[in-house]
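**Student:** What follows is coords-v5.cif, mmCIF, C-alpha atoms.
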data_structure
#
loop_
_atom_site.label_atom_id
_atom_site.label_comp_id
_atom_site.auth_asym_id
_atom_site.auth_seq_id
_atom_site.Cartn_x
_atom_site.Cartn_y
_atom_site.Cartn_z
CA MET A 1 49.90 46.60 -67.04
CA MET A 2 46.30 47.18 -66.11
CA TYR A 3 42.91 45.62 -65.46
CA GLN A 4 39.75 47.58 -64.71
CA GLU A 5 36.22 46.70 -63.61
CA ASN A 6 34.76 43.98 -61.37
CA LEU A 7 37.06 41.97 -59.11
CA THR A 8 35.27 38.64 -59.32
CA HIS A 9 36.49 35.05 -59.66
CA ILE A 10 35.59 34.66 -63.33
CA TYR A 11 37.99 37.42 -64.42
CA GLY A 12 41.04 35.54 -63.15
CA LEU A 13 42.78 38.33 -61.28
CA ASP A 14 44.38 35.75 -58.99
CA ILE A 15 45.86 34.15 -62.11
CA ALA A 16 47.18 37.55 -63.23
CA ILE A 17 48.75 38.24 -59.84
CA GLU A 18 50.35 34.78 -59.71
CA ALA A 19 51.72 35.33 -63.21
CA PHE A 20 53.09 38.73 -62.27
CA GLY A 21 54.75 37.14 -59.25
CA MET A 22 56.47 34.64 -61.53
CA ALA A 23 57.61 37.32 -63.97
CA HIS A 24 58.33 40.45 -61.94
CA ASN A 25 62.05 39.77 -61.46
CA GLU A 26 62.39 39.84 -65.25
CA MET A 27 60.39 43.09 -65.42
CA PRO A 28 62.06 45.35 -62.82
CA MET A 29 60.19 48.51 -63.85
CA ALA A 30 56.77 46.92 -64.37
CA ALA A 31 53.67 47.35 -62.22
CA LEU A 32 50.20 45.83 -62.32
CA TRP A 33 47.38 48.28 -61.71
CA ILE A 34 44.00 46.89 -60.68
CA LEU A 35 41.08 49.31 -60.84
CA GLY A 36 37.73 48.36 -59.40
CA GLU A 37 36.22 46.52 -56.47
CA GLY A 38 34.32 43.31 -55.90
CA PRO A 39 33.97 40.19 -53.76
CA GLU A 40 37.53 39.08 -54.51
CA THR A 41 39.21 42.32 -53.42
CA GLY A 42 40.31 41.07 -50.00
CA SER A 43 41.63 37.71 -51.19
CA LEU A 44 43.48 39.34 -54.10
CA GLU A 45 45.15 41.84 -51.78
CA ALA A 46 46.12 38.97 -49.47
CA LEU A 47 47.58 37.02 -52.40
CA SER A 48 49.59 40.06 -53.46
CA ARG A 49 51.03 40.42 -49.96
CA LYS A 50 51.78 36.70 -49.75
CA LEU A 51 53.79 36.89 -53.00
CA GLY A 52 55.69 39.99 -51.83
CA LEU A 53 54.18 42.20 -54.53
CA ASP A 54 52.93 45.04 -52.33
CA THR A 55 54.98 47.64 -54.19
CA LYS A 56 54.29 46.20 -57.66
CA VAL A 57 50.58 45.33 -57.63
CA LYS A 58 48.48 48.43 -56.99
CA PHE A 59 44.82 48.22 -55.97
CA LEU A 60 43.56 51.64 -56.98
CA GLY A 61 39.86 51.27 -56.14
CA CYS A 62 36.87 52.45 -58.16
CA PHE A 63 36.67 55.45 -60.44
CA PRO A 64 33.77 57.02 -62.37
CA PRO A 65 33.60 55.76 -65.97
CA LYS A 66 34.64 59.16 -67.32
CA GLU A 67 37.99 58.82 -65.48
CA ILE A 68 38.87 55.38 -66.87
CA PRO A 69 40.33 56.76 -70.14
CA HIS A 70 42.81 58.76 -68.07
CA TRP A 71 44.13 55.57 -66.48
CA LEU A 72 44.08 53.69 -69.75
CA SER A 73 46.19 56.42 -71.32
CA ARG A 74 48.86 55.84 -68.67
CA CYS A 75 49.22 52.08 -69.07
CA ASP A 76 51.05 50.10 -71.76
CA VAL A 77 49.27 46.75 -71.69
CA GLY A 78 45.78 45.56 -70.81
CA VAL A 79 45.48 42.18 -69.10
CA LEU A 80 42.37 40.02 -69.55
CA ALA A 81 42.91 36.81 -67.59
CA THR A 82 39.33 35.52 -67.83
CA ARG A 83 38.96 31.92 -66.76
CA ARG A 84 37.80 29.30 -69.24
CA ASP A 85 34.75 27.17 -68.65
CA ILE A 86 31.91 25.97 -70.85
CA PHE A 87 30.24 29.39 -70.66
CA LEU A 88 33.16 31.81 -70.42
CA ASP A 89 34.77 30.28 -73.51
CA PHE A 90 32.04 32.10 -75.44
CA SER A 91 32.33 35.42 -73.60
CA PHE A 92 33.59 38.69 -75.05
CA SER A 93 34.88 41.26 -72.58
CA ASN A 94 33.82 44.89 -73.08
CA LYS A 95 37.23 45.82 -71.72
CA LEU A 96 38.92 44.47 -74.85
CA PRO A 97 37.55 47.17 -77.20
CA GLU A 98 38.41 49.82 -74.61
CA TYR A 99 42.07 48.81 -74.69
CA ILE A 100 42.11 48.60 -78.47
CA MET A 101 40.47 52.01 -78.97
CA MET A 102 42.99 53.53 -76.55
CA GLY A 103 45.88 52.04 -78.52
CA LYS A 104 47.02 49.53 -75.90
CA ALA A 105 48.38 46.06 -76.50
CA VAL A 106 46.31 43.32 -74.88
CA ILE A 107 47.25 40.05 -73.22
CA SER A 108 44.15 37.86 -73.35
CA SER A 109 42.96 34.39 -72.46
CA ARG A 110 42.62 32.28 -75.59
CA LEU A 111 38.83 32.01 -75.42
CA LYS A 112 36.85 30.74 -78.41
CA THR A 113 34.85 33.90 -79.05
CA ILE A 114 37.82 36.25 -78.80
CA ARG A 115 39.94 33.93 -80.92
CA HIS A 116 37.16 33.91 -83.54
CA TYR A 117 37.48 37.67 -84.06
CA PHE A 118 41.19 38.25 -83.38
CA GLY A 119 44.26 36.47 -84.68
CA GLU A 120 47.54 35.56 -83.05
CA GLU A 121 49.11 38.71 -84.52
CA SER A 122 46.51 41.00 -82.89
CA LEU A 123 46.48 39.94 -79.24
CA ALA A 124 49.07 38.28 -77.02
CA PHE A 125 47.13 35.11 -76.23
CA PHE A 126 47.87 32.77 -73.35
CA GLU A 127 46.27 29.50 -72.32
CA PRO A 128 43.40 30.25 -69.89
CA ASN A 129 43.91 29.35 -66.23
CA ASP A 130 47.68 29.03 -66.80
CA PRO A 131 49.72 31.59 -64.78
CA ALA A 132 53.02 30.41 -66.27
CA ASP A 133 51.86 31.04 -69.83
CA LEU A 134 50.49 34.44 -68.82
CA ALA A 135 53.82 35.26 -67.14
CA ARG A 136 55.60 34.41 -70.40
CA GLN A 137 53.45 36.87 -72.31
CA MET A 138 53.94 39.56 -69.66
CA VAL A 139 57.71 39.33 -70.06
CA ARG A 140 57.36 39.30 -73.85
CA MET A 141 55.27 42.48 -73.82
CA TYR A 142 57.62 44.14 -71.33
CA ARG A 143 60.71 43.49 -73.44
CA HIS A 144 59.38 44.28 -76.91
CA ALA A 145 57.87 47.74 -77.30
CA GLU A 146 57.83 47.38 -81.09
CA LEU A 147 55.75 44.23 -80.77
CA ARG A 148 53.19 46.11 -78.68
CA VAL A 149 52.85 48.65 -81.48
CA GLN A 150 52.39 45.92 -84.09
CA LEU A 151 49.73 44.19 -82.01
CA VAL A 152 47.80 47.42 -81.55
CA GLU A 153 47.82 48.22 -85.26
CA ARG A 154 46.59 44.76 -86.23
CA ALA A 155 43.98 44.65 -83.43
CA LYS A 156 42.52 47.97 -84.61
CA ARG A 157 42.12 46.60 -88.14
CA GLU A 158 40.45 43.42 -86.91
CA TYR A 159 38.20 45.31 -84.53
CA ALA A 160 36.91 47.69 -87.22
CA PRO A 161 34.29 45.29 -88.68
CA ILE A 162 32.75 44.63 -85.24
CA ARG A 163 33.01 48.09 -83.70
CA TRP A 164 29.90 49.50 -82.02
CA GLU A 165 28.83 51.72 -84.92
CA VAL A 166 28.81 48.73 -87.29
CA MET A 167 27.16 46.25 -84.91
CA LYS A 168 24.50 48.78 -83.88
CA GLN A 169 23.49 49.23 -87.50
CA ARG A 170 23.43 45.47 -88.06
CA TYR A 171 21.19 45.04 -85.03
CA LEU A 172 18.79 47.76 -86.15
CA GLU A 173 18.58 46.27 -89.63
CA MET A 174 17.89 42.83 -88.17
CA MET A 175 15.07 44.20 -86.02
CA ARG A 176 13.66 46.13 -88.97
CA GLY A 177 13.66 42.92 -91.01
CA LEU A 178 11.80 41.05 -88.27
CA VAL A 179 9.16 43.78 -88.05
CA GLU A 180 8.68 43.85 -91.83
CA THR A 181 8.38 40.05 -91.91
CA GLU A 182 5.70 40.20 -89.21
CA HIS A 183 3.93 42.98 -91.09
CA ARG A 184 3.83 40.97 -94.31
CA ALA A 185 2.66 37.82 -92.52
CA ASN A 186 -0.24 39.55 -90.79
CA GLY A 187 -1.13 42.09 -93.39
CA GLN A 188 -0.61 44.89 -90.92
CA PHE A 189 1.59 45.77 -87.98
CA HIS A 190 -0.01 46.24 -84.57
CA ALA A 191 1.99 48.41 -82.22
CA PRO A 192 2.09 47.21 -78.59
CA VAL A 193 -0.77 48.53 -76.50
CA GLU A 194 0.49 51.06 -74.02
CA SER A 195 -0.51 50.12 -70.51
CA ALA A 196 -2.22 52.47 -68.14
CA ALA A 197 0.77 52.17 -65.82
CA ALA A 198 3.10 53.25 -68.61
CA ARG A 199 0.90 56.21 -69.44
#
Show how you would write the structure in this file as structure tokens.

**Tutor:**
Amino acid sequence: MMYQENLTHIYGLDIAIEAFGMAHNEMPMAALWILGEGPETGSLEALSRKLGLDTKVKFLGCFPPKEIPHWLSRCDVGVLATRRDIFLDFSFSNKLPEYIMMGKAVISSRLKTIRHYFGEESLAFFEPNDPADLARQMVRMYRHAELRVQLVERAKREYAPIRWEVMKQRYLEMMRGLVETEHRANGQFHAPVESAAAR
């Protein structure tokens, strides 16, 4: 199981470590890899030691972006334990598409935005801020390899309509429409004046 990127409070790594501590006796061969650094690194390492998970939770440090696919290829499950609050409930982690494109099952907080795009048969959802519910999903993913495959296949289908190539084109078309509307309203389109500093 793996998480990569910033080690900050909002991403709920302490929740993930607590959940792993609850579940690890039922997952004797499992490990939790944490790639990245951030302000929570020290406290997360201390929590791991406190829970006796030194040999199971691995803090691997930072890697260049081009090396992340190598680590993703070696894991089985991505863990996104993002906390829920009035703002984060509408967040969408860039890590989620990375796991999906690499063919990895994902355990994710049940946030409104993610739940809008993905169904219960695509991601292994757990209630945000709830280590016990996350632990339950960790054990479920550990025990059922065929379920991981099913989740990946469904997640890929549901991700297809919002993949970067599609959303980029939608964005460009939206901007083109705004420019054409402005052009029609004014009778002509005036390009921004280039500043002397820019020149």

**Student:** Compile the contact shell of region 66-70 of chain A as a list in words: residues with an atom at most 9 Å away, counting all atoms listed in the file, same-chain residues fewer than 2 positions apart removed.

**Tutor:**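 Close residues of region 66-70 of chain A: Gln4, Leu35, Phe63, Pro64, Leu72, Ser73, Arg74, Glu98 and Met102 of chain A.
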
**Student:** Written as a PyMOL selection string, what is the full residue list that the PyMOL selection byres ((chain A and resi 110) around 8) yields on the file shown?

**Tutor:** chain A and resi 108-109+111-112+114-115+125-128

**Student:** Considering only C-alpha atoms, can you say which of A:Val149, A:Ala160, A:Ile10, A:Ala124 comes closest to Arg136 (chain A)?

**Tutor:**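 Checking each of A:Val149, A:Ala160, A:Ile10, A:Ala124 against Arg136 (chain A), counting only C-alpha atoms, the winner is A:Ala124.
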
**Student:** Starting from the displayed file, determine the output of the PyMOL selection byres ((chain A and resi 18) around 9) and express the residue list as an mmCIF file with C-alpha atoms, keeping the file's coordinate frame.

**Tutor:**
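As a result, out.cif now contains:
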data_model
loop_
_atom_site.group_PDB
_atom_site.id
_atom_site.type_symbol
_atom_site.label_atom_id
_atom_site.label_comp_id
_atom_site.auth_asym_id
_atom_site.auth_seq_id
_atom_site.Cartn_x
_atom_site.Cartn_y
_atom_site.Cartn_z
ATOM 1 C CA LEU A 13 42.780 38.330 -61.280
ATOM 2 C CA ASP A 14 44.380 35.750 -58.990
ATOM 3 C CA ILE A 15 45.860 34.150 -62.110
ATOM 4 C CA ALA A 16 47.180 37.550 -63.230
ATOM 5 C CA ILE A 17 48.750 38.240 -59.840
ATOM 6 C CA ALA A 19 51.720 35.330 -63.210
ATOM 7 C CA PHE A 20 53.090 38.730 -62.270
ATOM 8 C CA GLY A 21 54.750 37.140 -59.250
ATOM 9 C CA MET A 22 56.470 34.640 -61.530
ATOM 10 C CA ALA A 23 57.610 37.320 -63.970
ATOM 11 C CA LEU A 47 47.580 37.020 -52.400
ATOM 12 C CA SER A 48 49.590 40.060 -53.460
ATOM 13 C CA LEU A 51 53.790 36.890 -53.000
ATOM 14 C CA PRO A 131 49.720 31.590 -64.780
ATOM 15 C CA ALA A 132 53.020 30.410 -66.270
ATOM 16 C CA ALA A 135 53.820 35.260 -67.140
#

**Student:** Need to verify the contact set: region 140-142 of chain A, 8 Å, only C-alpha atoms, exclusion of same-chain residues closer than 4 positions in sequence. Can you return it as a PyMOL selection string?

**Tutor:** chain A and resi 27+30+77+136+147-148

**Student:** With all atoms listed in the file as the atoms that count, which of A:Gly78, A:Met138, A:Glu26, A:Glu173 lies nearest to Pro97 (chain A)?

**Tutor:** A:Gly78

**Student:** Would you fill out region 153-164 of chain A with all heavy atoms and return it as a CSV table (one decimal), in the coordinates of the input?

**Tutor:**
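Final file, result18.csv:
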chain,number,residue,atom,x,y,z
A,153,GLU,N,48.2,47.9,-83.9
A,153,GLU,CA,47.8,48.2,-85.3
A,153,GLU,C,47.0,47.1,-85.9
A,153,GLU,O,45.9,47.4,-86.5
A,153,GLU,CB,49.1,48.5,-86.1
A,153,GLU,CG,49.8,49.8,-85.7
A,153,GLU,CD,51.1,49.9,-86.5
A,153,GLU,OE1,51.5,49.0,-87.2
A,153,GLU,OE2,51.7,51.0,-86.3
A,154,ARG,N,47.3,45.9,-85.7
A,154,ARG,CA,46.6,44.8,-86.2
A,154,ARG,C,45.2,44.6,-85.5
A,154,ARG,O,44.2,44.3,-86.1
A,154,ARG,CB,47.4,43.5,-86.1
A,154,ARG,CG,46.7,42.2,-86.7
A,154,ARG,CD,46.5,42.4,-88.2
A,154,ARG,NE,45.9,41.2,-88.8
A,154,ARG,CZ,46.6,40.2,-89.3
A,154,ARG,NH1,48.0,40.3,-89.4
A,154,ARG,NH2,46.0,39.1,-89.8
A,155,ALA,N,45.2,44.8,-84.2
A,155,ALA,CA,44.0,44.6,-83.4
A,155,ALA,C,43.0,45.7,-83.9
A,155,ALA,O,41.8,45.4,-84.0
A,155,ALA,CB,44.3,44.8,-81.9
A,156,LYS,N,43.4,46.9,-84.1
A,156,LYS,CA,42.5,48.0,-84.6
A,156,LYS,C,41.9,47.6,-85.9
A,156,LYS,O,40.7,47.8,-86.2
A,156,LYS,CB,43.3,49.3,-84.7
A,156,LYS,CG,43.5,50.0,-83.4
A,156,LYS,CD,44.2,51.3,-83.6
A,156,LYS,CE,44.4,52.0,-82.3
A,156,LYS,NZ,45.1,53.4,-82.4
A,157,ARG,N,42.7,47.0,-86.8
A,157,ARG,CA,42.1,46.6,-88.1
A,157,ARG,C,41.1,45.5,-88.0
A,157,ARG,O,40.0,45.5,-88.6
A,157,ARG,CB,43.2,46.1,-89.1
A,157,ARG,CG,44.1,47.3,-89.5
A,157,ARG,CD,44.9,46.8,-90.8
A,157,ARG,NE,45.8,45.7,-90.5
A,157,ARG,CZ,47.1,45.9,-90.1
A,157,ARG,NH1,47.6,47.1,-89.9
A,157,ARG,NH2,47.8,44.8,-89.9
A,158,GLU,N,41.4,44.5,-87.1
A,158,GLU,CA,40.4,43.4,-86.9
A,158,GLU,C,39.2,43.8,-86.1
A,158,GLU,O,38.2,43.1,-86.2
A,158,GLU,CB,41.2,42.2,-86.3
A,158,GLU,CG,42.3,41.7,-87.2
A,158,GLU,CD,42.8,40.4,-86.7
A,158,GLU,OE1,42.5,39.9,-85.6
A,158,GLU,OE2,43.6,39.8,-87.5
A,159,TYR,N,39.3,44.8,-85.3
A,159,TYR,CA,38.2,45.3,-84.5
A,159,TYR,C,37.2,46.1,-85.4
A,159,TYR,O,36.0,46.2,-85.1
A,159,TYR,CB,38.7,46.1,-83.3
A,159,TYR,CG,37.5,46.7,-82.5
A,159,TYR,CD1,36.6,45.9,-81.9
A,159,TYR,CD2,37.4,48.1,-82.5
A,159,TYR,CE1,35.6,46.5,-81.2
A,159,TYR,CE2,36.3,48.7,-81.8
A,159,TYR,CZ,35.4,47.9,-81.1
A,159,TYR,OH,34.4,48.4,-80.4
A,160,ALA,N,37.7,46.8,-86.4
A,160,ALA,CA,36.9,47.7,-87.2
A,160,ALA,C,35.6,47.1,-87.7
A,160,ALA,O,34.5,47.7,-87.6
A,160,ALA,CB,37.7,48.2,-88.4
A,161,PRO,N,35.6,45.8,-88.2
A,161,PRO,CA,34.3,45.3,-88.7
A,161,PRO,C,33.3,45.0,-87.6
A,161,PRO,O,32.1,44.8,-87.9
A,161,PRO,CB,34.7,44.0,-89.4
A,161,PRO,CG,36.2,44.1,-89.6
A,161,PRO,CD,36.7,45.0,-88.5
A,162,ILE,N,33.7,45.0,-86.3
A,162,ILE,CA,32.8,44.6,-85.2
A,162,ILE,C,32.6,45.8,-84.2
A,162,ILE,O,32.1,45.6,-83.2
A,162,ILE,CB,33.1,43.3,-84.5
A,162,ILE,CG1,34.6,43.5,-83.9
A,162,ILE,CG2,33.1,42.1,-85.5
A,162,ILE,CD1,34.9,42.3,-82.9
A,163,ARG,N,33.1,47.0,-84.6
A,163,ARG,CA,33.0,48.1,-83.7
A,163,ARG,C,31.5,48.5,-83.5
A,163,ARG,O,30.7,48.1,-84.3
A,163,ARG,CB,33.8,49.3,-84.2
A,163,ARG,CG,33.3,49.9,-85.5
A,163,ARG,CD,34.2,50.9,-86.0
A,163,ARG,NE,33.7,51.7,-87.2
A,163,ARG,CZ,33.6,51.2,-88.4
A,163,ARG,NH1,34.1,50.0,-88.7
A,163,ARG,NH2,33.1,52.0,-89.4
A,164,TRP,N,31.3,49.2,-82.4
A,164,TRP,CA,29.9,49.5,-82.0
A,164,TRP,C,29.1,50.1,-83.1
A,164,TRP,O,27.9,49.7,-83.4
A,164,TRP,CB,29.9,50.4,-80.8
A,164,TRP,CG,28.6,51.0,-80.5
A,164,TRP,CD1,28.2,52.3,-80.5
A,164,TRP,CD2,27.4,50.3,-80.2
A,164,TRP,NE1,26.9,52.5,-80.2
A,164,TRP,CE2,26.3,51.3,-80.0
A,164,TRP,CE3,27.1,49.0,-80.0
A,164,TRP,CZ2,25.0,50.9,-79.6
A,164,TRP,CZ3,25.8,48.6,-79.7
A,164,TRP,CH2,24.8,49.6,-79.5
